[in-house]
Structures are given as structure tokens and as C-alpha cells.
file target.txt (compact mmCIF, C-alpha atoms (C1' of nucleotides))
# COMPACT_ATOMS: atom_id res chain seq x y z
CA MET O 1 208.48 191.17 313.45
CA ARG O 2 210.60 189.29 310.98
CA ARG O 3 210.18 185.56 311.10
CA ALA O 4 212.84 183.46 309.52
CA TYR O 5 215.88 184.54 307.63
CA HIS O 6 218.10 182.18 305.78
CA ASP O 7 220.79 182.33 308.42
CA ARG O 8 218.39 180.70 310.82
CA VAL O 9 217.65 177.83 308.46
CA GLU O 10 220.93 176.18 307.70
CA THR O 11 220.10 172.51 307.57
CA SER O 12 217.42 170.39 305.98
CA GLN O 13 216.34 169.42 309.46
CA GLU O 14 215.67 173.04 310.36
CA LEU O 15 213.85 173.53 307.09
CA GLY O 16 211.71 170.47 307.87
CA THR O 17 210.87 171.82 311.30
CA ILE O 18 209.57 175.16 310.11
CA LEU O 19 207.73 173.52 307.23
CA ARG O 20 205.93 171.13 309.57
CA GLN O 21 205.08 174.00 311.91
CA ARG O 22 203.05 175.40 309.02
CA GLY O 23 201.46 172.07 308.15
CA ASN O 24 203.74 171.60 305.17
CA ARG O 25 206.09 168.76 304.44
CA LEU O 26 209.76 168.43 303.77
CA THR O 27 210.24 166.90 300.35
CA GLY O 28 213.14 166.20 298.06
CA PRO O 29 212.47 169.06 295.65
CA ARG O 30 212.13 171.49 298.54
CA GLN O 31 215.41 170.45 300.09
CA LEU O 32 217.18 170.83 296.78
CA VAL O 33 215.70 174.20 295.92
CA TRP O 34 216.55 175.52 299.35
CA GLU O 35 220.09 174.23 299.13
CA VAL O 36 220.59 175.87 295.74
CA VAL O 37 219.15 179.24 296.68
CA ARG O 38 220.84 179.37 300.06
CA SER O 39 224.28 178.61 298.72
CA ALA O 40 223.92 180.82 295.65
CA ASP O 41 226.35 183.64 295.17
CA GLY O 42 223.66 186.00 294.02
CA HIS O 43 220.31 186.32 292.36
CA LEU O 44 219.21 183.31 290.39
CA THR O 45 216.56 182.95 287.75
CA VAL O 46 214.15 180.05 287.95
CA GLU O 47 215.96 178.55 285.00
CA GLU O 48 219.29 178.67 286.85
CA ILE O 49 217.79 177.27 290.01
CA THR O 50 216.20 174.40 288.09
CA ALA O 51 219.46 173.65 286.30
CA ARG O 52 221.32 173.35 289.60
CA VAL O 53 218.56 171.29 291.14
CA HIS O 54 218.72 168.97 288.16
CA GLU O 55 222.40 168.29 288.82
CA ALA O 56 221.26 166.49 291.92
CA ASP O 57 217.93 165.19 290.66
CA PRO O 58 216.88 165.66 287.02
CA SER O 59 213.39 164.39 287.72
CA VAL O 60 212.37 167.51 289.63
CA ASN O 61 209.77 169.37 287.63
CA LEU O 62 209.84 173.03 286.72
CA SER O 63 206.40 173.52 288.25
CA SER O 64 207.69 172.21 291.54
CA VAL O 65 210.48 174.76 291.50
CA TYR O 66 207.98 177.54 290.93
CA ARG O 67 205.67 176.21 293.62
CA THR O 68 208.53 175.78 296.04
CA LEU O 69 209.79 179.29 295.48
CA ALA O 70 206.29 180.66 296.02
CA LEU O 71 206.06 178.72 299.26
CA PHE O 72 209.49 179.84 300.46
CA SER O 73 208.57 183.40 299.57
CA ASP O 74 205.47 183.11 301.71
CA MET O 75 207.65 181.75 304.51
CA GLU O 76 210.02 184.68 304.00
CA LEU O 77 212.88 182.36 303.30
CA VAL O 78 213.50 183.76 299.84
CA ARG O 79 212.80 186.99 298.09
CA GLU O 80 211.74 187.69 294.54
CA SER O 81 212.86 190.67 292.57
CA ASN O 82 212.25 191.83 289.04
CA LEU O 83 215.76 192.98 288.40
CA GLY O 84 217.44 192.43 285.10
CA THR O 85 216.54 193.48 281.65
CA ASP O 86 214.56 190.43 280.62
CA GLY O 87 211.19 189.65 282.10
CA ALA O 88 212.37 186.82 284.29
CA SER O 89 212.15 187.00 288.06
CA ARG O 90 215.22 186.48 290.16
CA TRP O 91 215.44 184.93 293.57
CA GLU O 92 217.76 185.25 296.49
CA PRO O 93 217.71 184.21 300.14
CA ALA O 94 215.71 186.64 302.22
CA HIS O 95 217.86 189.14 304.00
CA PRO O 96 217.63 192.34 305.93
CA ASP O 97 217.42 195.31 303.64
CA ASP O 98 220.69 197.03 304.35
CA HIS O 99 222.12 196.70 300.89
CA PHE O 100 221.40 197.65 297.35
CA HIS O 101 221.59 196.05 293.93
CA LEU O 102 223.80 196.94 291.01
CA VAL O 103 222.36 195.53 287.82
CA CYS O 104 224.66 195.47 284.82
CA GLU O 105 222.76 196.17 281.59
CA SER O 106 225.47 194.55 279.55
CA CYS O 107 226.14 191.19 281.19
CA GLY O 108 223.04 191.02 283.35
CA ARG O 109 224.96 190.34 286.51
CA VAL O 110 223.56 191.56 289.81
CA GLU O 111 225.87 192.64 292.60
CA HIS O 112 225.04 193.42 296.18
CA HIS O 113 226.50 196.33 298.00
CA GLY O 114 226.20 197.17 301.61
CA GLY O 115 225.90 200.59 303.07
CA ASP O 116 223.76 202.68 305.32
CA ILE O 117 221.82 204.27 302.51
CA VAL O 118 218.83 202.01 302.81
CA GLN O 119 218.62 202.79 306.50
CA THR O 120 218.69 206.45 305.62
CA VAL O 121 215.70 205.88 303.37
CA ARG O 122 213.87 203.99 306.05
CA ALA O 123 214.41 206.79 308.51
CA HIS O 124 213.25 209.31 305.94
CA LEU O 125 210.04 207.36 305.29
CA ALA O 126 209.30 207.01 308.97
CA GLY O 127 208.91 210.78 309.08
CA GLY O 128 205.23 210.99 308.36
CA HIS O 129 204.66 210.00 304.78
CA GLY O 130 201.89 207.70 305.92
CA PHE O 131 203.52 204.94 303.95
CA ARG O 132 204.43 201.78 305.85
CA ALA O 133 207.54 200.40 304.18
CA ALA O 134 207.98 196.66 304.01
CA ASN O 135 210.81 196.22 301.56
CA ILE O 136 213.23 198.77 300.27
CA ASP O 137 214.88 197.95 297.00
CA LEU O 138 217.53 200.24 295.74
CA VAL O 139 218.24 199.22 292.18
CA VAL O 140 221.01 200.85 290.26
CA THR O 141 221.16 200.03 286.56
CA GLY O 142 224.30 200.71 284.61
CA THR O 143 227.53 199.13 283.46
CA CYS O 144 229.73 197.09 285.74
CA ALA O 145 233.51 197.36 285.94
CA ASP O 146 234.07 194.28 283.78
CA CYS O 147 231.83 195.47 280.95
CA SER O 148 232.94 199.08 280.66
CA MET J 1 224.38 214.20 278.39
CA ARG J 2 220.67 213.73 278.70
CA ARG J 3 218.80 214.27 275.49
CA ALA J 4 215.10 214.86 275.66
CA TYR J 5 212.84 214.85 278.67
CA HIS J 6 209.12 215.04 278.44
CA ASP J 7 209.03 218.65 279.49
CA ARG J 8 210.83 219.49 276.29
CA VAL J 9 208.29 217.68 274.14
CA GLU J 10 204.94 219.21 274.87
CA THR J 11 203.23 219.26 271.51
CA SER J 12 202.75 216.84 268.67
CA GLN J 13 204.73 219.19 266.50
CA GLU J 14 207.73 218.93 268.81
CA LEU J 15 207.35 215.17 268.89
CA GLY J 16 207.29 215.11 265.11
CA THR J 17 210.42 217.20 264.92
CA ILE J 18 212.54 214.94 267.11
CA LEU J 19 211.13 211.86 265.41
CA ARG J 20 212.12 213.14 261.99
CA GLN J 21 215.55 214.08 263.27
CA ARG J 22 216.04 210.36 263.87
CA GLY J 23 214.58 209.33 260.53
CA ASN J 24 211.32 208.28 262.14
CA ARG J 25 207.83 209.47 261.34
CA LEU J 26 205.05 211.05 263.28
CA THR J 27 202.04 208.80 263.12
CA GLY J 28 198.63 208.67 264.73
CA PRO J 29 199.41 205.86 267.16
CA ARG J 30 202.60 207.61 268.28
CA GLN J 31 200.82 210.88 268.92
CA LEU J 32 198.17 209.12 270.95
CA VAL J 33 200.58 207.03 273.00
CA TRP J 34 202.70 210.06 273.77
CA GLU J 35 199.66 212.08 274.77
CA VAL J 36 198.49 209.32 277.11
CA VAL J 37 201.84 208.71 278.78
CA ARG J 38 202.71 212.38 279.08
CA SER J 39 199.45 213.33 280.70
CA ALA J 40 199.29 210.29 282.94
CA ASP J 41 199.19 210.83 286.66
CA GLY J 42 201.59 207.98 287.28
CA HIS J 43 202.92 204.70 286.02
CA LEU J 44 200.77 202.98 283.45
CA THR J 45 200.76 199.42 282.26
CA VAL J 46 200.63 198.72 278.55
CA GLU J 47 197.07 197.59 279.06
CA GLU J 48 196.11 200.92 280.61
CA ILE J 49 197.90 202.89 277.93
CA THR J 50 196.16 200.91 275.21
CA ALA J 51 192.76 201.41 276.84
CA ARG J 52 193.23 205.19 276.91
CA VAL J 53 194.55 205.23 273.37
CA HIS J 54 191.48 203.29 272.28
CA GLU J 55 189.21 205.98 273.68
CA ALA J 56 190.52 208.19 270.90
CA ASP J 57 191.11 205.51 268.28
CA PRO J 58 190.06 201.91 268.87
CA SER J 59 191.82 200.73 265.73
CA VAL J 60 195.29 201.18 267.21
CA ASN J 61 196.87 197.80 267.64
CA LEU J 62 198.47 196.46 270.80
CA SER J 63 201.67 195.70 268.90
CA SER J 64 201.92 199.31 267.87
CA VAL J 65 201.67 200.42 271.47
CA TYR J 66 204.51 198.10 272.41
CA ARG J 67 206.58 199.22 269.45
CA THR J 68 205.91 202.87 270.17
CA LEU J 69 206.89 202.51 273.80
CA ALA J 70 210.11 200.76 272.80
CA LEU J 71 210.88 203.59 270.42
CA PHE J 72 210.08 206.29 272.97
CA SER J 73 212.23 204.45 275.47
CA ASP J 74 215.12 204.49 273.05
CA MET J 75 214.50 208.20 272.55
CA GLU J 76 214.50 208.63 276.32
CA LEU J 77 211.01 210.06 276.23
CA VAL J 78 209.58 207.36 278.46
CA ARG J 79 210.96 205.01 281.01
CA GLU J 80 210.09 201.41 281.78
CA SER J 81 210.09 199.97 285.24
CA ASN J 82 209.22 196.60 286.64
CA LEU J 83 207.37 197.91 289.64
CA GLY J 84 204.28 196.28 290.88
CA THR J 85 203.51 192.80 292.05
CA ASP J 86 202.44 191.34 288.75
CA GLY J 87 204.85 190.73 285.92
CA ALA J 88 203.68 193.60 283.76
CA SER J 89 205.95 196.53 282.96
CA ARG J 90 204.91 200.03 283.78
CA TRP J 91 205.70 203.18 281.88
CA GLU J 92 206.08 206.79 282.79
CA PRO J 93 207.47 209.89 281.13
CA ALA J 94 211.24 210.01 281.42
CA HIS J 95 212.44 212.24 284.22
CA PRO J 96 215.57 213.06 286.12
CA ASP J 97 216.25 210.54 288.84
CA ASP J 98 215.79 212.68 291.88
CA HIS J 99 212.81 210.83 293.27
CA PHE J 100 211.78 207.42 294.42
CA HIS J 101 208.80 205.13 294.07
CA LEU J 102 206.40 203.96 296.72
CA VAL J 103 204.60 200.84 295.54
CA CYS J 104 201.54 199.82 297.53
CA GLU J 105 201.26 196.05 297.76
CA SER J 106 197.57 196.34 298.52
CA CYS J 107 196.13 198.62 295.86
CA GLY J 108 199.06 198.51 293.45
CA ARG J 109 199.32 202.27 293.24
CA VAL J 110 202.72 203.84 292.63
CA GLU J 111 203.58 207.17 294.15
CA HIS J 112 206.53 209.39 293.42
CA HIS J 113 208.42 211.15 296.10
CA GLY J 114 211.13 213.69 295.74
CA GLY J 115 214.16 214.02 297.93
CA ASP J 116 217.90 214.17 297.80
CA ILE J 117 218.38 210.52 298.60
CA VAL J 118 218.94 209.41 295.04
CA GLN J 119 221.59 212.06 294.65
CA THR J 120 223.23 210.74 297.78
CA VAL J 121 223.35 207.31 296.20
CA ARG J 122 224.79 208.67 293.01
CA ALA J 123 227.54 210.43 294.92
CA HIS J 124 228.23 207.26 296.87
CA LEU J 125 228.58 205.22 293.69
CA ALA J 126 230.89 207.74 292.11
CA GLY J 127 233.37 206.92 294.83
CA GLY J 128 235.24 204.15 293.10
CA HIS J 129 232.90 201.18 292.86
CA GLY J 130 233.84 200.84 289.22
CA PHE J 131 230.15 200.77 288.43
CA ARG J 132 228.85 203.36 285.99
CA ALA J 133 225.32 204.13 287.05
CA ALA J 134 222.75 204.94 284.38
CA ASN J 135 219.46 204.77 286.22
CA ILE J 136 218.83 204.72 289.92
CA ASP J 137 215.53 203.28 291.01
CA LEU J 138 214.64 203.41 294.62
CA VAL J 139 211.62 201.22 295.07
CA VAL J 140 209.88 201.02 298.39
CA THR J 141 207.24 198.33 298.72
CA GLY J 142 204.72 198.53 301.49
CA THR J 143 201.27 199.78 302.35
CA CYS J 144 200.09 203.23 301.47
CA ALA J 145 198.20 205.55 303.76
CA ASP J 146 194.83 204.75 302.19
CA CYS J 147 195.23 200.99 302.54
CA SER J 148 196.55 200.75 306.07
C1' DT K 1 201.95 214.64 243.21
C1' DC K 2 205.15 210.74 243.30
C1' DA K 3 208.05 207.25 245.07
C1' DC K 4 210.45 205.39 248.82
C1' DT K 5 210.24 203.05 252.89
C1' DA K 6 208.98 203.44 257.86
C1' DT K 7 205.08 201.98 260.11
C1' DT K 8 200.86 199.69 260.80
C1' DG K 9 197.23 195.91 261.94
C1' DA K 10 196.45 191.17 262.29
C1' DG K 11 197.62 187.03 263.88
C1' DA K 12 200.90 183.70 265.14
C1' DA K 13 204.74 182.65 268.00
C1' DG K 14 207.66 182.96 272.05
C1' DA K 15 208.98 183.25 276.92
C1' DG K 16 207.88 182.91 281.57
C1' DT K 17 204.61 181.41 284.84
C1' DT K 18 200.34 179.16 286.51
C1' DT K 19 196.88 175.65 286.96
C1' DG K 20 194.25 171.08 286.97
C1' DC K 21 194.61 166.48 287.79
C1' DA K 22 195.75 161.81 288.95
C1' DG K 23 199.34 159.38 291.14
C1' DT K 24 202.93 159.47 294.88
C1' DA K 25 205.05 159.83 299.27
C1' DT K 26 205.45 162.41 303.80
C1' DA K 27 204.08 162.73 308.52
C1' DC K 28 201.19 161.71 312.21
C1' DG K 29 198.64 158.37 315.10
C1' DC K 30 198.57 153.93 316.54
C1' DG M 1 207.33 149.81 312.43
C1' DC M 2 202.45 150.16 309.83
C1' DG M 3 198.47 152.37 307.87
C1' DT M 4 196.02 156.33 306.53
C1' DA M 5 194.98 161.09 305.29
C1' DT M 6 196.34 164.46 302.45
C1' DA M 7 200.20 167.59 301.01
C1' DC M 8 202.95 167.35 297.20
C1' DT M 9 204.68 165.95 292.70
C1' DG M 10 205.22 165.42 287.60
C1' DC M 11 203.01 166.17 283.50
C1' DA M 12 200.72 168.75 280.20
C1' DA M 13 197.77 172.25 279.00
C1' DA M 14 196.52 176.96 279.69
C1' DC M 15 197.43 181.69 280.56
C1' DT M 16 199.68 186.37 280.41
C1' DC M 17 202.72 189.49 278.61
C1' DT M 18 205.60 190.61 274.81
C1' DT M 19 207.77 190.07 270.27
C1' DC M 20 207.81 188.80 265.51
C1' DT M 21 206.34 188.14 260.52
C1' DC M 22 204.36 190.00 256.65
C1' DA M 23 201.40 192.19 253.43
C1' DA M 24 199.07 196.57 253.26
C1' DT M 25 199.18 201.43 254.42
C1' DA M 26 200.60 206.09 254.98
C1' DG M 27 204.25 209.80 256.27
C1' DT M 28 208.01 212.32 254.18
C1' DG M 29 211.23 214.56 251.10
C1' DA M 30 211.82 215.57 246.35

call {"tool": "encode", "arguments": {"input": "target.txt", "output": "C-alpha cells"}}
result
Amino acid sequence: MRRAYHDRVETSQELGTILRQRGNRLTGPRQLVWEVVRSADGHLTVEEITARVHEADPSVNLSSVYRTLALFSDMELVRESNLGTDGASRWEPAHPDDHFHLVCESCGRVEHHGGDIVQTVRAHLAGGHGFRAANIDLVVTGTCADCS
Amino acid sequence: MRRAYHDRVETSQELGTILRQRGNRLTGPRQLVWEVVRSADGHLTVEEITARVHEADPSVNLSSVYRTLALFSDMELVRESNLGTDGASRWEPAHPDDHFHLVCESCGRVEHHGGDIVQTVRAHLAGGHGFRAANIDLVVTGTCADCS
DNA sequence: TCACTATTGAGAAGAGTTTGCAGTATACGC
DNA sequence: GCGTATACTGCAAACTCTTCTCAATAGTGA
């Protein structure tokens, strides 16, 4: 059912392969964006992604970052979420859903936490709600240990 | 701990009372926005709220709707969430957290569902994560019964 | 009723994201 | 390796949602 998670696309070569399978091409901006998102320690805004891409190549355009993220999202390589207090989207490598997010209202940081809770939800939904769940996002807003 | 939920503010008079307690005033736009959000059958975008407000008074400005929602949010009368596929915020009357959201990717509708899952999460978090949870949003994205 | 000032409407500004276009460069066939 | 088709890029303008500025208006307590 699931196609390609980030742990199956480690190298640029692998990225190129799955891009070409779709009729797309492997380009410099795409390699850089993938490298940044894949090696990120958490959720990144487009601004953060672009900044890190620019460390390697300042000529990469913001539009290309947006377009690349949209493409990767379609390929299920990355995932967008509207966490955070500002309006900006955040991006992370696609992953199975067995975790949840802790969003700190004070510093804006987003932590991941594992646990079987999301699986509990999935099981609950399977019990005849008529709703076919694709993604389960458990978002907890509050104050993190550092800020309280 | 919790201050004022929508079920404690049924009438304009009650709204006026708690507004004046804070040094605010009861105005036409505020009455209308509260009436619209309170009686809504689900999450509304600012655009939808404004449209319904305009049915009663077309002279109410979009800025006032935004400002009123921000105020009500601060008063914990309404709650903002970034559900949905587009970037627009959605608003609903504030409520205790014992429910979760089902967001249909196809028709964009948002359903509420009750259950003890959110309480399970809260109990889990209380167990020494160092994270002080304010709001818990369980967002399930998928396809609703009507669209599948 | 009066005066104070919170609130409003109008429009401009801001932030984040998208789109159109002409030039560039990747990937496939030879 | 080389040439060609076209996917992709950078740039800039446009678009959407939200916030801000400010003069005018209208609740509220006295």
C-alpha cells in the first residue's frame, strides 16, 4: 500500500531512480532539498529548508523549493503539516504514523514521540465509522520542558 | 482552570457580561460572530463566518471578524485549528478536548467524534515527559463515508 | 446626557505560497 | 559521446490569508 518511505531512499542515486520511474528528472535543487529534509532533526519550515539548501548552493530559488516539496509530497517522500503557531507549513520525511507531535507554544519547537496510541486510534476507527483513515496526526500543543 | 466554554455563554447578555468583566464592549459585530460560530454545525473558515455574518449585516468588515475571533480565542470562547488541506484556519466553539477530528480530504468536511482516546493521551503525557499539554488535537485525515 | 476610549470600517501592508514564462539542462535514443 | 525533446529552473509578478494603521464611530460608566 505504502510506496516509498525515506528509509528506502538514502542516496541521490536511489532518488534519481524513483524520479525517473515517474518521468521526472534528478536535478541539483531536488538532490539538495532531499538531503536537507532527510537529514533534518525535525520539522522544517520552507524558510529553514531554503536556508540550508543555500549553504550548498545559494542560486536555488525559493519557488524551486516549494515545487520540489510538492513533488516529494506527491511521491510520499515528505509530509506536510500545519503545526506551529504561525501560518507556515512544516515538512518532515514521510514516516509511518506511530508517533505524535508535541508543539511548544513558547519556542515553537516540535518534538516527536513514539507510542502505541496512534495504533489504538487506527484500531478504533477501523470499527465501523465508515471513515477511511489515511494519516493520523496527534498534535499536542503546550509548553515544553525547556520553556516551563 | 478552564474559564468559559460556549455552553456557559448562550445569550448576547451573557456575552456582554463577560466582555465587560474584561474591560471590553459588546458590539454588533461581536454579537453576530458569536451567534454564527456558536450555532455552527462544525468548523468554519473566516470566509464562511463572514458570509453568515453578512446575511444579518453586510457592513461588518472582514478585519472585525478576524479581530473578534482573536478576542474570543483569548477569552477561550472559540478555538482555532489548522485543519483542512488549504492554508485557511478554521474556527469552532471552544470545547473540552474529549473528541477528535476527522478531516475528509475529498470534500473538506470536518467531523467530530467522541471517545476516551484523548484522555488516554493526556494520561500518557502526564507520566513524566516534562511537557505540559494545553490542547490535544487528534486529527485524522482520510476519506469520509460519503466520498468513498 | 457627557466624556472617555474601545472598537470599527476602509484600505494598505505583510507573510507565505503559487503561477507564468523564457531560458536551461537532464535523460533518452542514436 | 552527441543531439533533441521537454522537464525543470530562476525570476518576478500575482494570489490568498491575515494583520496593521488611522480617522471616525459608538458602547459604557459616571

call {"tool": "atom_distance", "arguments": {"input": "target.txt", "atom1": "atom CA of O:Thr143", "atom2": "atom CA of O:Cys104"}}
result
4.8 Å

call {"tool": "residues_near_point", "arguments": {"input": "target.txt", "point": "(218.2, 188.6, 293.8)", "cutoff": "6 Å", "atoms": "all atoms listed in the file", "output": "list in words"}}
result
His43, Ser81, Arg90, Trp91 and Glu92 of chain O

call {"tool": "interface_residues", "arguments": {"input": "target.txt", "of": "chain K", "to": "chain O", "cutoff": "12 Å", "atoms": "only C-alpha atoms (C1' of nucleotides)", "output": "list in words"}}
result
DA15, DG16, DT17, DT18, DT19, DT24, DA25, DT26, DA27 and DC28 of chain K

call {"tool": "residues_around", "arguments": {"input": "target.txt", "residues": "J:Val37", "least_positions_apart": "4", "cutoff": "8 Å", "atoms": "only C-alpha atoms (C1' of nucleotides)", "output": "PyMOL selection string"}}
result
chain J and resi 33+44+49+78+91-93

call {"tool": "residues_around", "arguments": {"input": "target.txt", "residues": "K:DC2", "least_positions_apart": "4", "cutoff": "12 Å", "atoms": "all atoms listed in the file", "output": "list in words"}}
result
DT28, DG29 and DA30 of chain M
